[in-house]
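*Asks:* Quick one: the structure is below, questions incoming.
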Amino acid sequence: MGNPHEGSSQVHNRIGGGVFYNAVVQGNNVTLQLPGEITPALTGMPAPSSTFTGRETVLDLLVEELRPGRRAGIGPLAHVVTGLPGVGKTELVLQVAHSASQQQWFPGGILFIDLHGYDGDRHVSPSRALGSLIQALGIPDQYVPDDLQDRARLYRSVLSTYAEQGRRILVIVDNARDDSQARPLLSADSRVPVLVTSRHTLTGLNNARMHDLAVLAPASAVELLRRDLRQARGPDDSRVDDDPESAQSIAHLCGHLPLALRIVAALLADLPSRPLASMVKALGDARNRLQRLSRGDLAVRTAFELSYHHLSDDQARLFRLLPINPGPDISTESAGRLADLPSEEAEVLLGALARAHLVEPHAKNYGRWRLHDLLRLYANEECTLREQSHERRSAASRLLDHYLAVAKAAGTHVDVDTKASARSPLFSDRDAALRWLDGEWHSLLAAALAAPALERPDILVGLHYALIHYLSWRRHWGEYEELSQASLEVARSSRFPQLRSQELTFLNNLGLAQLELRRLDDAVSSYRACLEQARLVADTDSMAMALSNLGRAYEELHEPEKAVEVLQQALTLTPPNGNLRARGMTYTNLGRALLRLRRFDEAAEAFTEDIIICQAVGDLSGEAIACNNLGLVARNMGLVDAAIDHHRQALKTARRAKDDHTAALAQANLATEMAAAGHLDGVVDMLEDSLVTLEELGDGYMATQCRMHLGHVKHLTGQIDEAITIISKAAEASRATGDRRTEGAAMADLGLYLLQERRFTEAITTTMRAISLHDSCGDSGRKGDSLIILGISLDATERTDEAIQVFKDAVTAFKEVMDSEKLALAMGCLKEIEDLSES
């Protein structure tokens, strides 16, 4: 701090009986005449950055809190900005102060003091800080008392007197380590606000409001990089705009931390010809990233060290061990197992680390914690340096064993059909088990994938089996595939026969994930590999399983004849007295293929067989699926009432099974059939509810099918414009995923609706796109439908010759699929237009 009263002729002070304000100093009443002004230059406040960005919301909030008269007497006296090292706390309060001063809200000036709370060499005690601030307020040294409490009383009285004289002051207390360092510097007057920054959450300050500052949003992080480079090198530095992908990568590698981003910007400014891609490569090596994030007196590691060195031994040990957890976050219980501590002790330590902003508590789910990416690297360095290798291995094994044991217990509750005696007592009920799995599954997956490198392949395999039903039920198919692929690789490379023998299971599960992800060719390859391997070892059950799933893949690929062939083979390998559930699933797969071949009676028989089996073995979910499919058979046979009954029963059974996915499909089908029967009340709500569920479950394919149903119902109710909008969205979604068959169906429906709206030119363009898509998929039936729409649209625009040729093409298409009813329609259209053209 400078000496603000040096050379001033405005300060006159005396000790006597008269009192302008009450401040007891060494037992005497003091009357002081205050200086006329405090020049901002003497406050020691650094200049705010001109490249500030990304904090507009909290900036506006804090500036508003400083407005004169704002909730006078009832608002907080102090605002404490907290956050991890390097997150930009000081910069934020400087921006706030600058904005407020531009409004001339603080004619008395701004007092700024850096307490260097985490720097042992420069740490400023509260007494010393008060002495500096009192001097800055124009009080000569001889009137500054020695006692801390007396200094605090004098300081507060002077601030209040300035406010009384209309010279309101803003106080900024930067970099406070704890409550005791900041508390004496707070004002006692609501007209004199105080802004405090700290790496700790200072909840012990009376009448103070906390503001936790997070890292920048990705877009703001990139913008900060752009602004800093242009500030340093001028507006012609276009590296961020020229290579936005590398800029985003840099922001990510810096963990969106402002300090790290400013260091990178300075390093790039040093070498204006250096491309951003070079910096991405340099930062890409996690082992050296912290070393790279250093320039001059700025270093991310140094900022972290200042906080780390103030931890107690047990806090520091837990902080060092946290990176051993492979997952994105960790629960209190798991952290306790990692450190070999009771959960209660771990919770206390994690709370202390969170107050120091060295770990982040989950925003909504208390009891979960995460490390910022750069702090994780720093903690891992400290762990490698200070923890013996055997201690690190022991910590990892404790955590992995804990994950596996609890995941196994939770897994026994996932299927509602599981007998009570088989459910682990570790969880009180299914909801409790699912809550645990929902919170932990990301960490469990990461632990499973990391386990082989930690010489624990048993953990990977064990977690595969423990999680497989949960991942399927929640439809986390990408993670299901990743876990299956990793397990398959471990099995194939293992020297243990027992583990190698599980290759067939992992191949089958891999194919299932690929099937659900609509990567049908990959699924076929996995199932064929499973079938071939099963034949080599004469494993009949695995052969049947592979054939059944291969048949389903063929059916999804619209190769129903091939599907029926392999599914019938699968049935011969699963006798009625064998694996009943496998036999039932094969029946449902067969029914789907037969339905596609329009062999309705046989399809109904197959689905009915599966329903009987499911009821026998107590498989509610399987029963709901088969019943829903039976409704589709009834629909195609024109038995609307029967279809409604089947879908209603499927919905009821799926809800009993708590199978949200099947329930959403059954409800969508039920709504569609009710609409077809003229029962329109509530069907739109039913479809929209199903659509939300399917989207939440991540089933984009079936969500698009549901959206198509919703468009049809809107069309039935005469809401043509809405129907067109909804079907257009379905087409866009299908196009984005490369699903040409569904896009073709959507474009065909869209063409029909445009035709009905007499928007003939649009109908022609749309339907021609649909026909092209039908051709690419070999879908002659749908092509014929679209050709009819195109022919009518062409005829409406007096393009008669073209329309005649299109109707002839439609006749050919319906002959190919042997659809006599539609063939008659196409021939009728052709005859009518030919007759008119001749006349």
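How things are named: the first chain in the structure tokens is A, the next is B, and so on; residues count from 1 in each chain; ligands count from 1 in the order shown.
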Just want the 9 Å neighbourhood of Thr332 (chain A), counted on only C-alpha atoms, with same-chain residues fewer than 4 positions away dropped. Output as an MDAnalysis selection string.

*Replies:* chainID A and resid 336:337 343:344 346:347 350 367:369

*Asks:* Let me make sure I understand: among A:Glu360, A:Glu688, A:Glu561, A:Asp775, which one has the smallest atom-to-atom distance to Arg599 (chain A) if we use only C-alpha atoms?

*Replies:*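 Closest to Arg599 (chain A), using only C-alpha atoms: A:Glu561.
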
*Asks:* I need the residue nearest Ala447 (chain A) from this list: A:Gly618, A:Pro328, A:Gly511, A:Gly351. Use only C-alpha atoms for the distance.

*Replies:*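 Using only C-alpha atoms, Ala447 (chain A) sits closest to A:Pro328.
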
*Asks:* Going by DSSP on the backbone, which bits of region 507-597 of chain A are alpha helix (DSSP H)? Write them as a PyMOL selection string, please.

*Replies:* chain A and resi 507-516+520-536+540-556+560-572+580-596

*Asks:* With only C-alpha atoms as the counted atoms, please give the residues lying no more than 8 Å from Ser334 (chain A), apart from itself and same-chain residues fewer than 3 positions off, as a ChimeraX atom specification.

*Replies:* /A:330-331,337-338,399,402-403

*Asks:* Just the selected residues (all heavy atoms), exported as a compact mmCIF listing (two decimals), in the first residue's frame, please.

*Replies:*
```
# COMPACT_ATOMS: atom_id res chain seq x y z
N ILE A 330 -16.67 -39.41 -7.69
CA ILE A 330 -16.58 -40.48 -6.69
C ILE A 330 -17.55 -40.17 -5.56
O ILE A 330 -17.79 -39.00 -5.23
CB ILE A 330 -15.14 -40.61 -6.15
CG1 ILE A 330 -14.96 -41.90 -5.35
CG2 ILE A 330 -14.73 -39.38 -5.34
CD1 ILE A 330 -13.52 -42.23 -5.03
N SER A 331 -18.13 -41.20 -5.00
CA SER A 331 -19.03 -41.02 -3.87
C SER A 331 -18.23 -40.96 -2.58
O SER A 331 -17.06 -41.36 -2.52
CB SER A 331 -20.03 -42.18 -3.79
OG SER A 331 -19.36 -43.38 -3.42
N ARG A 337 -13.43 -46.00 0.95
CA ARG A 337 -12.78 -47.27 0.65
C ARG A 337 -11.41 -47.04 0.01
O ARG A 337 -10.46 -47.77 0.28
CB ARG A 337 -13.66 -48.10 -0.29
CG ARG A 337 -14.97 -48.53 0.35
CD ARG A 337 -14.74 -49.37 1.61
NE ARG A 337 -15.99 -49.72 2.25
CZ ARG A 337 -16.63 -50.86 2.05
NH1 ARG A 337 -16.14 -51.75 1.22
NH2 ARG A 337 -17.76 -51.11 2.70
N LEU A 338 -11.33 -46.06 -0.84
CA LEU A 338 -10.07 -45.73 -1.50
C LEU A 338 -8.99 -45.41 -0.47
O LEU A 338 -7.84 -45.87 -0.58
CB LEU A 338 -10.29 -44.54 -2.44
CG LEU A 338 -9.09 -44.00 -3.22
CD1 LEU A 338 -8.62 -45.02 -4.24
CD2 LEU A 338 -9.47 -42.70 -3.92
N LEU A 399 -10.71 -50.00 -3.88
CA LEU A 399 -11.80 -49.34 -4.59
C LEU A 399 -12.46 -50.28 -5.59
O LEU A 399 -13.70 -50.37 -5.65
CB LEU A 399 -11.27 -48.10 -5.31
CG LEU A 399 -12.31 -47.29 -6.09
CD1 LEU A 399 -13.35 -46.70 -5.14
CD2 LEU A 399 -11.64 -46.19 -6.90
N HIS A 402 -14.56 -52.89 -3.91
CA HIS A 402 -15.78 -52.26 -3.40
C HIS A 402 -16.79 -52.08 -4.53
O HIS A 402 -17.98 -52.43 -4.39
CB HIS A 402 -15.44 -50.91 -2.78
CG HIS A 402 -16.61 -50.00 -2.59
ND1 HIS A 402 -17.60 -50.22 -1.66
CD2 HIS A 402 -16.96 -48.84 -3.24
CE1 HIS A 402 -18.50 -49.26 -1.72
NE2 HIS A 402 -18.15 -48.41 -2.67
N TYR A 403 -16.35 -51.55 -5.66
CA TYR A 403 -17.25 -51.35 -6.79
C TYR A 403 -17.89 -52.66 -7.22
O TYR A 403 -19.11 -52.73 -7.46
CB TYR A 403 -16.48 -50.76 -7.97
CG TYR A 403 -16.27 -49.26 -7.92
CD1 TYR A 403 -15.14 -48.67 -8.51
CD2 TYR A 403 -17.21 -48.41 -7.33
CE1 TYR A 403 -14.96 -47.29 -8.49
CE2 TYR A 403 -17.03 -47.05 -7.30
CZ TYR A 403 -15.90 -46.49 -7.88
OH TYR A 403 -15.73 -45.13 -7.87
```

*Asks:* Which neighbours of Gly578 (chain A) fall inside 12 Å, counting only C-alpha atoms, when residues of the same chain fewer than 4 positions from it are skipped, and could you give them as a list in words?

*Replies:*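 Counting only the stated atoms, we get Thr540, Asp541, Ala544, Leu571, Thr572, Leu573, Thr574, Ala582, Arg583, Gly584 and Ile613 of chain A.
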
*Asks:* Residues at most 8 Å from Leu202 (chain A), counting only C-alpha atoms, excluding those fewer than 5 positions away in the same chain, as JSON, numbers by chain?

*Replies:* {"A": [80, 178, 179, 210, 355]}

*Asks:* Those selected residues, please, written with C-alpha atoms and delivered as an mmCIF file, in the first residue's frame.

*Replies:*
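Okay, this is what ended up in result_26.cif:
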```cif
data_model
loop_
_atom_site.group_PDB
_atom_site.id
_atom_site.type_symbol
_atom_site.label_atom_id
_atom_site.label_comp_id
_atom_site.auth_asym_id
_atom_site.auth_seq_id
_atom_site.Cartn_x
_atom_site.Cartn_y
_atom_site.Cartn_z
ATOM 1 C CA VAL A 80 -17.593 -13.488 -1.083
ATOM 2 C CA ASP A 178 -10.034 -18.082 6.008
ATOM 3 C CA ASP A 179 -12.766 -16.392 7.999
ATOM 4 C CA MET A 210 -21.299 -16.674 -1.110
ATOM 5 C CA ARG A 355 -14.346 -25.643 1.062
#
```

*Asks:* Name the residues in contact with Leu115 (chain A) at a cut-off of 9 Å, using only C-alpha atoms, excluding same-chain residues fewer than 2 positions from it; report them as a list in words.

*Replies:*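 Returned residues: Ile113, Gly117, Tyr118, Asp119, Arg122, His123, Val124, Ser125, Pro126, Ala129, Val173, Asp174, Asn175, Ala176, Arg177, Gln181 and Ala182 of chain A.
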
*Asks:* Tell me which protein, DNA and RNA residues are within 12 Å of Glu722 (chain A), counting only C-alpha atoms, leaving out same-chain ones fewer than 3 positions away, and put them as JSON, numbers by chain.

*Replies:* {"A": [684, 707, 708, 710, 711, 712, 713, 714, 715, 716, 717, 718, 719, 725, 726, 727, 728, 729, 750, 753, 754]}

*Asks:* Taking only C-alpha atoms into account, which of A:Asp297, A:Ala208, A:Arg782, A:Pro258 comes nearest Glu816 (chain A)?

*Replies:* A:Arg782

*Asks:* As an exercise, work out the distance from CA of Arg167 (chain A) to CA of Pro107 (chain A) in Å and give it to one decimal place.

*Replies:*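 About the pair CA of Arg167 (chain A) and CA of Pro107 (chain A): they are 5.0 Å apart.
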
*Asks:* Can you work out which one of A:Leu290, A:Leu632, A:Leu437, A:Ile169 has the shortest atom-to-atom distance to Ser101 (chain A), counting only C-alpha atoms?

*Replies:*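 Closest to Ser101 (chain A) of all the choices is A:Ile169.
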
*Asks:* In Å to one decimal, how far is CA of Met543 (chain A) from CA of Leu504 (chain A)?

*Replies:*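 One can read the CA of Leu504 (chain A) to CA of Met543 (chain A) distance as 9.3 Å.
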